[in-house]
>>> print(open('my_file-v3.cif').read())   # mmCIF, C-alpha atoms and all ligand atoms
data_entry
#
loop_
_atom_site.label_atom_id
_atom_site.label_comp_id
_atom_site.auth_asym_id
_atom_site.auth_seq_id
_atom_site.Cartn_x
_atom_site.Cartn_y
_atom_site.Cartn_z
CA MET A 581 18.72 -10.82 39.14
CA ALA A 582 22.12 -9.85 37.69
CA LEU A 583 24.47 -8.14 40.09
CA THR A 584 25.17 -4.52 39.08
CA ASP A 585 26.89 -1.56 40.72
CA THR A 586 25.57 1.97 41.39
CA LEU A 587 26.10 2.85 37.70
CA GLY A 588 24.35 -0.28 36.42
CA ARG A 589 27.59 -2.07 35.46
CA PRO A 590 27.60 -5.89 35.81
CA ILE A 591 30.61 -7.85 37.07
CA ARG A 592 32.05 -9.89 34.17
CA ASP A 593 35.84 -10.00 34.45
CA LEU A 594 38.14 -10.87 37.30
CA ARG A 595 41.87 -10.22 37.28
CA ILE A 596 43.75 -12.17 39.89
CA SER A 597 47.24 -11.10 40.86
CA VAL A 598 49.06 -14.24 41.97
CA THR A 599 52.24 -12.50 43.12
CA ASP A 600 53.55 -8.97 43.61
CA ARG A 601 57.03 -10.09 42.48
CA CYS A 602 58.48 -9.78 39.00
CA ASN A 603 61.78 -10.64 37.32
CA PHE A 604 61.63 -7.39 35.29
CA ARG A 605 61.96 -3.86 36.63
CA CYS A 606 60.08 -1.98 33.91
CA VAL A 607 60.84 1.67 34.55
CA TYR A 608 57.18 2.71 34.20
CA CYS A 609 55.86 -0.02 36.50
CA MET A 610 58.39 -1.34 39.05
CA PRO A 611 61.28 1.16 38.97
CA LYS A 612 64.45 -0.16 40.66
CA GLU A 613 64.75 2.87 42.90
CA VAL A 614 61.50 1.82 44.60
CA PHE A 615 61.40 -1.95 44.06
CA GLY A 616 65.02 -2.53 45.06
CA ARG A 617 66.77 -4.76 47.59
CA ASP A 618 64.98 -3.17 50.55
CA TYR A 619 61.48 -3.36 49.14
CA ARG A 620 59.19 -5.49 51.26
CA PHE A 621 57.31 -7.87 48.99
CA LEU A 622 54.48 -9.98 50.36
CA GLU A 623 55.53 -13.07 52.26
CA ARG A 624 54.27 -16.49 51.31
CA ARG A 625 51.85 -16.78 54.21
CA GLU A 626 50.29 -13.45 53.17
CA LEU A 627 49.46 -14.73 49.68
CA LEU A 628 46.17 -16.43 48.95
CA THR A 629 46.78 -20.16 48.59
CA PHE A 630 45.74 -21.81 45.32
CA GLU A 631 42.78 -23.40 47.11
CA GLU A 632 41.69 -19.99 48.45
CA ILE A 633 41.98 -18.51 44.96
CA GLU A 634 39.91 -21.37 43.52
CA ARG A 635 37.24 -20.86 46.16
CA LEU A 636 37.07 -17.10 45.58
CA ALA A 637 37.04 -17.58 41.80
CA GLY A 638 34.02 -19.87 42.19
CA ALA A 639 32.23 -17.20 44.22
CA PHE A 640 32.95 -14.51 41.60
CA VAL A 641 31.68 -16.79 38.86
CA ARG A 642 28.44 -17.28 40.80
CA GLN A 643 28.10 -13.48 40.80
CA GLY A 644 28.46 -13.25 37.01
CA VAL A 645 32.18 -13.37 36.20
CA GLN A 646 32.81 -15.05 32.84
CA LYS A 647 36.47 -14.31 32.29
CA ILE A 648 39.45 -14.70 34.61
CA ARG A 649 42.90 -13.30 33.86
CA LEU A 650 45.91 -14.26 35.99
CA THR A 651 48.43 -11.49 36.34
CA GLY A 652 50.80 -9.86 38.81
CA GLY A 653 53.72 -9.02 39.24
CA GLU A 654 54.82 -11.78 36.90
CA PRO A 655 52.40 -14.71 37.26
CA LEU A 656 54.88 -17.26 35.91
CA VAL A 657 57.31 -16.64 38.79
CA ARG A 658 54.74 -18.03 41.25
CA ARG A 659 55.83 -21.59 41.99
CA ASP A 660 53.62 -24.37 40.57
CA ILE A 661 51.34 -21.90 38.77
CA GLU A 662 50.28 -24.82 36.53
CA ARG A 663 48.51 -26.33 39.54
CA LEU A 664 46.43 -23.16 39.97
CA ILE A 665 45.57 -23.21 36.26
CA GLU A 666 44.36 -26.78 36.65
CA LEU A 667 42.12 -25.80 39.58
CA LEU A 668 40.69 -22.75 37.76
CA ALA A 669 40.20 -24.60 34.49
CA GLY A 670 37.73 -26.72 36.44
CA VAL A 671 35.58 -23.70 37.43
CA ASP A 672 32.36 -23.70 35.36
CA ASP A 673 32.65 -22.34 31.82
CA VAL A 674 35.14 -19.67 32.66
CA ASP A 675 37.36 -18.13 29.97
CA LEU A 676 40.82 -18.43 31.53
CA THR A 677 43.79 -16.40 30.37
CA LEU A 678 47.03 -14.93 31.67
CA THR A 679 49.22 -11.86 31.12
CA THR A 680 52.98 -12.40 31.21
CA ASN A 681 56.23 -10.72 30.27
CA GLY A 682 56.94 -13.89 28.29
CA SER A 683 60.37 -14.54 29.82
CA LEU A 684 59.44 -18.00 31.14
CA LEU A 685 57.12 -19.04 28.31
CA PRO A 686 59.71 -21.03 26.33
CA GLN A 687 59.91 -23.56 29.18
CA LYS A 688 56.35 -23.24 30.53
CA ALA A 689 53.96 -22.75 27.58
CA GLN A 690 53.21 -26.43 26.98
CA ALA A 691 52.66 -27.20 30.68
CA LEU A 692 50.30 -24.21 30.96
CA ARG A 693 48.33 -25.42 27.96
CA ASP A 694 48.22 -28.98 29.32
CA ALA A 695 46.91 -27.61 32.64
CA GLY A 696 43.95 -26.02 30.82
CA LEU A 697 45.02 -22.46 29.99
CA LYS A 698 43.32 -21.23 26.79
CA ARG A 699 45.24 -18.12 25.75
CA VAL A 700 47.99 -15.72 26.83
CA THR A 701 48.80 -12.05 26.48
CA VAL A 702 52.51 -11.24 26.29
CA SER A 703 53.91 -7.79 27.03
CA LEU A 704 56.58 -6.48 24.66
CA ASP A 705 57.36 -2.77 24.43
CA SER A 706 59.82 -2.69 21.53
CA LEU A 707 61.67 -4.80 18.98
CA ASP A 708 64.71 -2.60 19.40
CA ASP A 709 66.92 -4.49 21.81
CA GLU A 710 68.49 -1.40 23.30
CA VAL A 711 65.14 0.28 23.92
CA PHE A 712 63.57 -2.89 25.32
CA ARG A 713 66.48 -3.67 27.67
CA ALA A 714 66.35 -0.10 28.97
CA MET A 715 62.58 -0.32 29.53
CA ASN A 716 62.57 -3.70 31.34
CA ASP A 717 65.72 -2.64 33.24
CA ALA A 718 66.63 -6.30 33.72
CA ASP A 719 68.77 -6.43 30.56
CA PHE A 720 66.30 -8.93 29.08
CA PRO A 721 66.63 -9.35 25.28
CA VAL A 722 63.77 -9.02 22.75
CA ALA A 723 64.69 -12.37 21.14
CA ARG A 724 63.77 -14.33 24.28
CA VAL A 725 60.31 -12.72 24.45
CA LEU A 726 59.75 -13.48 20.75
CA GLU A 727 60.74 -17.08 21.53
CA GLY A 728 58.15 -17.09 24.31
CA ILE A 729 55.46 -15.81 21.94
CA GLU A 730 56.25 -18.54 19.42
CA ALA A 731 56.32 -21.19 22.16
CA ALA A 732 52.84 -20.06 23.28
CA ALA A 733 51.48 -20.23 19.73
CA ALA A 734 53.07 -23.65 19.16
CA ALA A 735 51.47 -24.94 22.36
CA GLY A 736 48.03 -23.81 21.11
CA LEU A 737 47.70 -20.79 23.44
CA ASP A 738 46.35 -18.73 20.59
CA PRO A 739 45.61 -16.21 19.34
CA VAL A 740 48.51 -14.70 21.28
CA LYS A 741 47.92 -11.08 22.15
CA VAL A 742 50.97 -8.84 22.44
CA ASN A 743 50.69 -5.72 24.62
CA MET A 744 52.87 -2.68 24.01
CA VAL A 745 52.73 0.29 26.38
CA VAL A 746 53.70 3.41 24.46
CA LYS A 747 55.58 6.15 26.27
CA ARG A 748 56.42 9.43 24.56
CA GLY A 749 60.11 9.83 23.78
CA VAL A 750 60.89 6.31 25.00
CA ASN A 751 59.43 3.75 22.56
CA GLU A 752 57.05 5.67 20.30
CA ASP A 753 59.50 5.09 17.42
CA SER A 754 58.94 1.34 17.84
CA VAL A 755 55.18 1.50 17.07
CA VAL A 756 55.30 1.02 13.29
CA ALA A 757 58.11 -1.57 13.46
CA MET A 758 56.04 -3.61 15.92
CA ALA A 759 52.99 -3.36 13.64
CA ARG A 760 55.05 -4.52 10.66
CA HIS A 761 56.56 -7.41 12.59
CA PHE A 762 53.24 -8.82 13.79
CA HIS A 763 51.31 -8.00 10.58
CA GLY A 764 50.26 -11.33 9.06
CA SER A 765 51.55 -13.35 12.03
CA GLY A 766 48.16 -14.32 13.46
CA HIS A 767 49.11 -12.63 16.77
CA ILE A 768 47.08 -9.59 17.85
CA LEU A 769 49.15 -6.56 18.75
CA ARG A 770 47.60 -4.10 21.18
CA PHE A 771 48.87 -0.64 21.99
CA ILE A 772 48.25 0.71 25.47
CA GLU A 773 48.33 4.36 26.44
CA TYR A 774 50.74 4.95 29.29
CA MET A 775 48.66 5.36 32.47
CA ASP A 776 49.08 7.05 35.84
CA VAL A 777 48.78 3.86 37.86
CA GLY A 778 50.44 3.79 41.27
CA HIS A 779 52.53 6.72 42.38
CA THR A 780 56.08 5.60 41.67
CA ASN A 781 56.30 6.13 37.92
CA GLY A 782 56.16 9.95 37.91
CA TRP A 783 53.47 9.99 35.22
CA ARG A 784 52.80 13.18 33.26
CA MET A 785 50.15 13.75 30.58
CA ASP A 786 52.98 14.72 28.19
CA ASP A 787 54.29 11.13 28.40
CA VAL A 788 51.08 9.76 26.85
CA VAL A 789 51.01 9.03 23.12
CA PRO A 790 47.29 9.24 22.27
CA ALA A 791 45.78 6.14 20.66
CA ALA A 792 44.61 8.24 17.69
CA GLU A 793 48.23 9.19 16.96
CA ILE A 794 49.31 5.53 17.15
CA VAL A 795 46.57 4.45 14.73
CA ALA A 796 47.41 7.29 12.32
CA ALA A 797 51.11 6.36 12.27
CA ILE A 798 50.34 2.72 11.44
CA ASP A 799 47.56 3.57 8.97
CA ALA A 800 50.00 5.72 6.96
CA GLU A 801 52.12 2.63 6.23
CA LEU A 802 49.72 -0.27 6.62
CA PRO A 803 46.17 0.98 5.90
CA LEU A 804 43.60 0.16 8.59
CA GLU A 805 39.83 0.05 8.95
CA PRO A 806 37.76 -0.11 12.15
CA VAL A 807 36.21 -3.38 13.38
CA GLU A 808 33.09 -3.76 15.55
CA PRO A 809 33.77 -4.72 19.18
CA ASN A 810 33.54 -8.44 20.07
CA TYR A 811 31.29 -7.62 23.01
CA ALA A 812 29.99 -4.61 24.93
CA GLY A 813 32.60 -3.25 27.33
CA GLU A 814 35.60 -4.56 25.36
CA VAL A 815 38.64 -2.60 26.48
CA ALA A 816 40.52 -2.47 23.20
CA THR A 817 39.21 -0.63 20.15
CA ARG A 818 39.78 -2.95 17.20
CA TRP A 819 41.25 -2.16 13.76
CA ARG A 820 42.10 -4.49 10.90
CA TYR A 821 44.60 -4.22 8.07
CA ARG A 822 42.86 -3.57 4.77
CA ASP A 823 45.16 -6.08 3.08
CA GLY A 824 43.93 -8.94 5.30
CA GLY A 825 47.06 -8.98 7.48
CA GLY A 826 45.09 -9.41 10.71
CA GLU A 827 44.03 -6.94 13.38
CA ILE A 828 45.37 -4.68 16.10
CA GLY A 829 43.81 -3.12 19.19
CA VAL A 830 44.32 0.18 20.95
CA ILE A 831 43.57 0.74 24.61
CA SER A 832 42.96 4.43 25.12
CA SER A 833 42.28 4.51 28.83
CA VAL A 834 43.65 8.06 29.14
CA THR A 835 42.35 9.88 26.05
CA GLN A 836 39.04 7.98 25.76
CA PRO A 837 38.23 6.48 29.15
CA PHE A 838 35.83 3.55 29.22
CA CYS A 839 34.69 3.55 32.86
CA GLY A 840 31.04 3.48 31.76
CA GLY A 841 31.52 -0.02 30.38
CA CYS A 842 33.92 -1.29 33.03
CA THR A 843 32.94 -4.73 34.27
CA ARG A 844 36.28 -5.60 35.91
CA ALA A 845 37.18 -6.52 39.46
CA ARG A 846 40.72 -7.11 40.69
CA LEU A 847 41.90 -9.43 43.41
CA SER A 848 45.36 -8.68 44.82
CA ALA A 849 47.82 -11.45 45.69
CA GLU A 850 46.89 -11.13 49.36
CA GLY A 851 43.18 -11.30 48.64
CA ARG A 852 42.04 -7.69 48.59
CA LEU A 853 39.28 -6.87 46.16
CA PHE A 854 39.72 -3.63 44.20
CA THR A 855 36.92 -2.34 42.01
CA CYS A 856 39.16 0.05 40.05
CA LEU A 857 42.77 -0.04 38.81
CA PHE A 858 43.17 3.41 40.35
CA ALA A 859 41.68 2.57 43.73
CA VAL A 860 43.35 3.49 46.98
CA ARG A 861 41.71 0.88 49.17
CA GLY A 862 40.79 -2.76 48.73
CA HIS A 863 38.34 -4.99 50.58
CA ASP A 864 39.92 -7.82 52.55
CA LEU A 865 38.39 -11.03 51.21
CA ARG A 866 41.23 -13.17 52.60
CA ALA A 867 40.01 -12.34 56.10
CA VAL A 868 36.49 -13.40 55.11
CA VAL A 869 37.78 -16.71 53.73
CA ARG A 870 40.14 -17.40 56.64
CA ASP A 871 37.42 -16.57 59.18
CA GLY A 872 35.57 -19.65 57.98
CA ALA A 873 32.92 -17.98 55.80
CA SER A 874 30.37 -20.21 54.08
CA ASP A 875 29.87 -19.93 50.32
CA GLU A 876 26.77 -17.83 51.00
CA ASP A 877 28.79 -15.46 53.21
CA LEU A 878 31.41 -15.10 50.47
CA ASP A 879 28.77 -14.45 47.80
CA GLU A 880 27.16 -11.83 50.00
CA ALA A 881 30.50 -10.12 50.75
CA ILE A 882 31.33 -9.82 47.05
CA ALA A 883 27.81 -8.73 46.09
CA THR A 884 27.74 -6.02 48.77
CA ILE A 885 31.06 -4.56 47.60
CA TRP A 886 30.06 -4.61 43.94
CA ARG A 887 26.61 -3.13 44.56
CA GLY A 888 28.25 -0.17 46.31
CA ARG A 889 30.81 0.45 43.54
CA THR A 890 30.98 4.04 42.25
CA ASP A 891 34.49 4.17 40.67
CA ARG A 892 35.09 6.02 37.43
CA TYR A 893 38.58 7.36 37.98
CA SER A 894 39.66 7.62 34.34
CA GLU A 895 36.66 9.78 33.49
CA LEU A 896 37.55 12.15 36.32
CA ARG A 897 41.32 12.14 35.74
CA THR A 898 43.10 15.48 35.83
CA ALA A 899 46.71 16.54 36.35
CA GLN A 900 45.80 16.78 40.06
CA THR A 901 44.32 13.30 40.45
CA ALA A 902 47.47 11.77 38.91
CA SER A 903 49.43 12.56 42.05
CA LEU A 904 46.88 11.10 44.49
CA PRO A 905 48.03 8.00 46.39
CA LYS A 906 47.02 4.81 44.55
CA VAL A 907 48.09 1.21 44.79
CA GLU A 908 50.85 -0.04 42.51
CA MET A 909 49.96 -2.04 39.41
CA SER A 910 52.44 -4.78 40.35
CA TYR A 911 50.45 -5.26 43.58
CA ILE A 912 46.90 -4.95 42.30
CA GLY A 913 47.58 -6.79 39.03
CA GLY A 914 47.78 -5.24 35.57
N1 LIG B 1001 54.24 -9.20 34.41
C1 LIG B 1001 53.13 -9.34 33.51
C2 LIG B 1001 53.38 -8.60 32.23
O1 LIG B 1001 54.49 -8.05 32.06
O2 LIG B 1001 52.51 -8.58 31.37
C3 LIG B 1001 51.78 -8.97 34.09
C4 LIG B 1001 51.67 -7.74 34.94
S1 LIG B 1001 51.97 -6.21 34.11
C5 LIG B 1001 51.64 -5.05 35.41
C6 LIG B 1001 50.56 -6.08 33.03
C7 LIG B 1001 50.62 -5.05 31.94
O3 LIG B 1001 50.52 -3.77 32.52
C8 LIG B 1001 51.88 -5.06 31.09
O4 LIG B 1001 51.51 -5.14 29.74
C9 LIG B 1001 52.50 -3.72 31.41
O5 LIG B 1001 53.21 -3.21 30.32
C10 LIG B 1001 51.28 -2.89 31.73
N2 LIG B 1001 51.58 -1.67 32.49
C11 LIG B 1001 52.32 -1.53 33.61
N3 LIG B 1001 52.38 -0.24 34.01
C12 LIG B 1001 51.63 0.47 33.11
C13 LIG B 1001 51.31 1.85 32.96
N4 LIG B 1001 51.76 2.77 33.80
N5 LIG B 1001 50.51 2.21 31.94
C14 LIG B 1001 50.06 1.28 31.06
N6 LIG B 1001 50.33 -0.03 31.14
C15 LIG B 1001 51.12 -0.43 32.14
#
>>> encode(input="my_file-v3.cif", output="C-alpha cells", more="lines below")
Ligand code: SAM
Amino acid sequence: MALTDTLGRPIRDLRISVTDRCNFRCVYCMPKEVFGRDYRFLERRELLTFEEIERLAGAFVRQGVQKIRLTGGEPLVRRDIERLIELLAGVDDVDLTLTTNGSLLPQKAQALRDAGLKRVTVSLDSLDDEVFRAMNDADFPVARVLEGIEAAAAAGLDPVKVNMVVKRGVNEDSVVAMARHFHGSGHILRFIEYMDVGHTNGWRMDDVVPAAEIVAAIDAELPLEPVEPNYAGEVATRWRYRDGGGEIGVISSVTQPFCGGCTRARLSAEGRLFTCLFAVRGHDLRAVVRDGASDEDLDEAIATIWRGRTDRYSELRTAQTASLPKVEMSYIGG
C-alpha cells in the first residue's frame, strides 16, 4: 500500500542538500552578517558521503519517491558532484535534477550531463547587473549566469528552468524584463514569492510581491493564458504566452499555499530528514545509516517519519509564525 502521511499525502519528491556552503551571499538567503568568516559550516566528516546518499536515495525510492533534486547551499561547490550524479542516475527510474546559481555551469554542464543528469534549474533574480550583484552580494555578474544557462542548454540539460525570487522594492522592476528576455528562448522562467524561510532574512509580509501581481504585470505586455498542471501537486502554477512564446510558472507559496498537495521530503547535507521547508527539527537518518541499519530498518525509519507527518506551515502562516525559529534554507536545501 502507498505510503501516506496523516493528511493522506504520498511521498513523491526528495530534495537532497549536498552542502551547506555557497559561493554567493544572497541577502535574502545567506546574508554576510550571519554567514561570514566566523560562521561554522558543516565539516566534511559531518556530511553524508556519496555512498550514504545513494543508499538513502534508494530507500526513499522504495517508499514512492519518483523525483530527486540536488540542492544546497550550492550543489556544484561540492567536490566531485559528478560522481554522485552517476550513482543516483543508476537508481531505478528516478527523475534526477539539480538547482544551482549557475556560476559553475559553464565549466561543469557537459560533465553533469555525461554523468546522467537530465535537467537543471538555475536561479537568476535580475538581468540588471547592479541589482543582481547587490542581491548575490558576491559581485557576481549577470552575464556569467546567462553563460551558464546557455551551457546547460547546449549540453542537453533542457528545458532549463530559471528561478527568480521577487522581493518588493528590490527586484520587482526586473520582472517584465526577465519575461521578455526568456520569451521564445525555450527556457521556462519561474517567479517565486519571497518566503519567510529561516530566521536570518528579516522577512516581512510587505516584502512579498504576490504572484497575481507578477502575472498581471507580464500579461499587460506579453498576454498570457493559464495551462493545466503537469501533475497533481505541481508547485508552480503554469501560464503560457498567447503568441506561442513558451511558458512561465509562478510559485505562490505565501499568497496561495499548497501544503495540501505537498509530497516533498528534504534531506539535509548531514542526513537529517525534514518533512517541511519551515520545520524546526529534522530526523537523524545519518545515525541510522552509520549504526549499521539494514535496508529494511532504513525503509521502516523513513516510513514511520512520513506516516506521522502533520506539517502545513504555509497554510498556518501569520505575522507571528514568521519569527519562530526555523532552519535555514542553505542548510535544509532550497
Ligand atoms: N544555490 C542554489 C541556487 O542558487 O539555486 C540552490 C540552493 S538555493 C537555497 C535554492 C533556491 O531558493 C534559489 O532559487 C533561491 O533564490 C531560493 N530562495 C532562497 N531563499 C529564499 C526565500 N527566502 N524565499 C524564496 N526563495 C528563496
>>> closest_atom_pairs(input="my_file-v3.cif", of="stretch 687-734 of chain A", to="stretch 584-604 of chain A", cutoff="9 Å", atoms="all atoms listed in the file", output="Markdown table")
| residue | atom | partner | partner_atom | distance |
| --- | --- | --- | --- | --- |
| A:Asn716 | CA | A:Phe604 | CA | 5.5 |
| A:Asp717 | CA | A:Phe604 | CA | 6.6 |
| A:Ala718 | CA | A:Phe604 | CA | 5.4 |
| A:Asp719 | CA | A:Phe604 | CA | 8.6 |
| A:Phe720 | CA | A:Phe604 | CA | 7.9 |
>>> residues_near_ligand(input="my_file-v3.cif", ligand="ligand LIG 1001 (chain B)", cutoff="9 Å", atoms="all atoms listed in the file", output="PyMOL selection string")
chain A and resi 597+600-604+606-610+650-656+678-682+701-705+742-747+772-778+781+783+833+908-914
>>> closest_residue(input="my_file-v3.cif", among="A:Glu876, A:Ala881, A:His761, A:Arg748", to="A:Asp864", atoms="all atoms listed in the file")
A:Ala881
>>> closest_atom_pairs(input="my_file-v3.cif", of="stretch 859-889 of chain A", to="stretch 627-642 of chain A", cutoff="8 Å", atoms="all atoms listed in the file", output="CSV")
residue,atom,partner,partner_atom,distance
A:Arg866,CA,A:Leu628,CA,7.0
A:Val869,CA,A:Glu632,CA,7.3
A:Asp875,CA,A:Ala639,CA,7.1
A:Leu878,CA,A:Ala639,CA,6.6
A:Asp879,CA,A:Ala639,CA,5.7
A:Ile882,CA,A:Phe640,CA,7.4
>>> write_last_selection(input="my_file-v3.cif", atoms="C-alpha atoms", output="JSON list (two decimals), in the frame of the given file")
[["chain", "number", "residue", "atom", "x", "y", "z"],
["A", 866, "ARG", "CA", 41.23, -13.17, 52.60],
["A", 869, "VAL", "CA", 37.78, -16.71, 53.73],
["A", 875, "ASP", "CA", 29.87, -19.93, 50.32],
["A", 878, "LEU", "CA", 31.41, -15.10, 50.47],
["A", 879, "ASP", "CA", 28.77, -14.45, 47.80],
["A", 882, "ILE", "CA", 31.33, -9.82, 47.05]]
>>> closest_residue(input="my_file-v3.cif", among="A:Ile768, A:Gly862, A:Asp823, A:Asp891", to="A:Asp799", atoms="all atoms listed in the file")
A:Asp823
>>> closest_residue(input="my_file-v3.cif", among="A:Gly736, A:Pro686, A:Gly749, A:Gly782", to="A:Arg724", atoms="only C-alpha atoms")
A:Pro686
>>> residues_around(input="my_file-v3.cif", residues="A:Gly840", least_positions_apart="2", cutoff="9 Å", atoms="only C-alpha atoms", output="JSON, numbers by chain")
{"A": [587, 588, 589, 813, 837, 838, 842, 843, 892, 895]}
>>> atom_distance(input="my_file-v3.cif", atom1="atom CA of A:Leu804", atom2="atom CA of A:Arg770")
13.9 Å
>>> closest_residue(input="my_file-v3.cif", among="A:Leu685, A:Ala669, A:Ala859, A:Val834", to="A:Met785", atoms="only C-alpha atoms")
A:Val834
>>> atom_distance(input="my_file-v3.cif", atom1="atom CA of A:Thr835", atom2="atom CA of A:Leu904")
19.0 Å
>>> atom_distance(input="my_file-v3.cif", atom1="atom CA of A:Glu814", atom2="atom CA of A:Val671")
22.6 Å
>>> closest_residue(input="my_file-v3.cif", among="A:Val756, A:Lys741, A:Arg852, A:Phe771", to="A:Thr817", atoms="all atoms listed in the file")
A:Phe771
>>> axis_aligned_box(input="my_file-v3.cif", around="stretch 855-868 of chain A", padding_each_side="3 Å", output="lines of an AutoDock Vina configuration file")
center_x = 39.9
center_y = -5.0
center_z = 47.5
size_x = 12.9
size_y = 22.9
size_z = 23.3
>>> closest_residue(input="my_file-v3.cif", among="A:Arg784, A:Arg658, A:Arg649, A:Arg822", to="A:Thr898", atoms="only C-alpha atoms")
A:Arg784
>>> residues_around(input="my_file-v3.cif", residues="A:Ala757", least_positions_apart="4", cutoff="9 Å", atoms="all atoms listed in the file", output="NGL selection string")
:A and (706-708 or 753 or 761-762)
>>> build_atoms(input="my_file-v3.cif", residues="stretch 800-818 of chain A", atoms="N, CA, C and O atoms", output="PDB file, in the frame of the given file")
ATOM      1  N   ALA A 800      49.262   5.070   8.048  1.00  0.00           N
ATOM      2  CA  ALA A 800      50.000   5.720   6.960  1.00  0.00           C
ATOM      3  C   ALA A 800      50.861   4.701   6.212  1.00  0.00           C
ATOM      4  O   ALA A 800      51.169   4.878   5.034  1.00  0.00           O
ATOM      5  N   GLU A 801      51.250   3.624   6.879  1.00  0.00           N
ATOM      6  CA  GLU A 801      52.120   2.630   6.230  1.00  0.00           C
ATOM      7  C   GLU A 801      51.389   1.338   5.902  1.00  0.00           C
ATOM      8  O   GLU A 801      51.660   0.697   4.891  1.00  0.00           O
ATOM      9  N   LEU A 802      50.483   0.961   6.802  1.00  0.00           N
ATOM     10  CA  LEU A 802      49.720  -0.270   6.620  1.00  0.00           C
ATOM     11  C   LEU A 802      48.252   0.104   6.836  1.00  0.00           C
ATOM     12  O   LEU A 802      47.779   0.156   7.967  1.00  0.00           O
ATOM     13  N   PRO A 803      47.521   0.420   5.756  1.00  0.00           N
ATOM     14  CA  PRO A 803      46.170   0.980   5.900  1.00  0.00           C
ATOM     15  C   PRO A 803      45.241   0.111   6.762  1.00  0.00           C
ATOM     16  O   PRO A 803      45.231  -1.116   6.654  1.00  0.00           O
ATOM     17  N   LEU A 804      44.469   0.810   7.607  1.00  0.00           N
ATOM     18  CA  LEU A 804      43.600   0.160   8.590  1.00  0.00           C
ATOM     19  C   LEU A 804      42.147   0.523   8.367  1.00  0.00           C
ATOM     20  O   LEU A 804      41.848   1.579   7.804  1.00  0.00           O
ATOM     21  N   GLU A 805      41.243  -0.310   8.874  1.00  0.00           N
ATOM     22  CA  GLU A 805      39.830   0.050   8.950  1.00  0.00           C
ATOM     23  C   GLU A 805      39.278  -0.427  10.286  1.00  0.00           C
ATOM     24  O   GLU A 805      39.761  -1.427  10.831  1.00  0.00           O
ATOM     25  N   PRO A 806      38.269   0.290  10.835  1.00  0.00           N
ATOM     26  CA  PRO A 806      37.760  -0.110  12.150  1.00  0.00           C
ATOM     27  C   PRO A 806      36.972  -1.421  12.101  1.00  0.00           C
ATOM     28  O   PRO A 806      36.414  -1.775  11.075  1.00  0.00           O
ATOM     29  N   VAL A 807      36.959  -2.122  13.247  1.00  0.00           N
ATOM     30  CA  VAL A 807      36.210  -3.380  13.380  1.00  0.00           C
ATOM     31  C   VAL A 807      35.249  -3.209  14.562  1.00  0.00           C
ATOM     32  O   VAL A 807      35.594  -2.571  15.558  1.00  0.00           O
ATOM     33  N   GLU A 808      34.063  -3.794  14.442  1.00  0.00           N
ATOM     34  CA  GLU A 808      33.090  -3.760  15.550  1.00  0.00           C
ATOM     35  C   GLU A 808      33.657  -4.464  16.780  1.00  0.00           C
ATOM     36  O   GLU A 808      34.390  -5.439  16.641  1.00  0.00           O
ATOM     37  N   PRO A 809      33.307  -4.000  17.995  1.00  0.00           N
ATOM     38  CA  PRO A 809      33.770  -4.720  19.180  1.00  0.00           C
ATOM     39  C   PRO A 809      33.226  -6.143  19.230  1.00  0.00           C
ATOM     40  O   PRO A 809      32.162  -6.425  18.675  1.00  0.00           O
ATOM     41  N   ASN A 810      33.984  -7.045  19.885  1.00  0.00           N
ATOM     42  CA  ASN A 810      33.540  -8.440  20.070  1.00  0.00           C
ATOM     43  C   ASN A 810      32.341  -8.510  20.991  1.00  0.00           C
ATOM     44  O   ASN A 810      31.483  -9.358  20.871  1.00  0.00           O
ATOM     45  N   TYR A 811      32.369  -7.620  22.005  1.00  0.00           N
ATOM     46  CA  TYR A 811      31.290  -7.620  23.010  1.00  0.00           C
ATOM     47  C   TYR A 811      31.270  -6.248  23.652  1.00  0.00           C
ATOM     48  O   TYR A 811      32.267  -5.501  23.591  1.00  0.00           O
ATOM     49  N   ALA A 812      30.120  -5.909  24.274  1.00  0.00           N
ATOM     50  CA  ALA A 812      29.990  -4.610  24.930  1.00  0.00           C
ATOM     51  C   ALA A 812      30.994  -4.540  26.076  1.00  0.00           C
ATOM     52  O   ALA A 812      31.178  -5.513  26.811  1.00  0.00           O
ATOM     53  N   GLY A 813      31.661  -3.406  26.211  1.00  0.00           N
ATOM     54  CA  GLY A 813      32.600  -3.250  27.330  1.00  0.00           C
ATOM     55  C   GLY A 813      33.996  -3.742  26.991  1.00  0.00           C
ATOM     56  O   GLY A 813      34.862  -3.797  27.851  1.00  0.00           O
ATOM     57  N   GLU A 814      34.250  -4.129  25.733  1.00  0.00           N
ATOM     58  CA  GLU A 814      35.600  -4.560  25.360  1.00  0.00           C
ATOM     59  C   GLU A 814      36.553  -3.387  25.529  1.00  0.00           C
ATOM     60  O   GLU A 814      36.260  -2.265  25.104  1.00  0.00           O
ATOM     61  N   VAL A 815      37.705  -3.670  26.137  1.00  0.00           N
ATOM     62  CA  VAL A 815      38.640  -2.600  26.480  1.00  0.00           C
ATOM     63  C   VAL A 815      39.345  -2.031  25.254  1.00  0.00           C
ATOM     64  O   VAL A 815      39.493  -0.823  25.104  1.00  0.00           O
ATOM     65  N   ALA A 816      39.767  -2.928  24.370  1.00  0.00           N
ATOM     66  CA  ALA A 816      40.520  -2.470  23.200  1.00  0.00           C
ATOM     67  C   ALA A 816      39.580  -2.082  22.066  1.00  0.00           C
ATOM     68  O   ALA A 816      38.574  -2.738  21.827  1.00  0.00           O
ATOM     69  N   THR A 817      39.906  -0.973  21.377  1.00  0.00           N
ATOM     70  CA  THR A 817      39.210  -0.630  20.150  1.00  0.00           C
ATOM     71  C   THR A 817      39.932  -1.378  19.037  1.00  0.00           C
ATOM     72  O   THR A 817      41.163  -1.351  18.961  1.00  0.00           O
ATOM     73  N   ARG A 818      39.149  -2.069  18.187  1.00  0.00           N
ATOM     74  CA  ARG A 818      39.780  -2.950  17.200  1.00  0.00           C
ATOM     75  C   ARG A 818      39.893  -2.296  15.816  1.00  0.00           C
ATOM     76  O   ARG A 818      39.006  -1.578  15.370  1.00  0.00           O
TER      77      ARG A 818
END
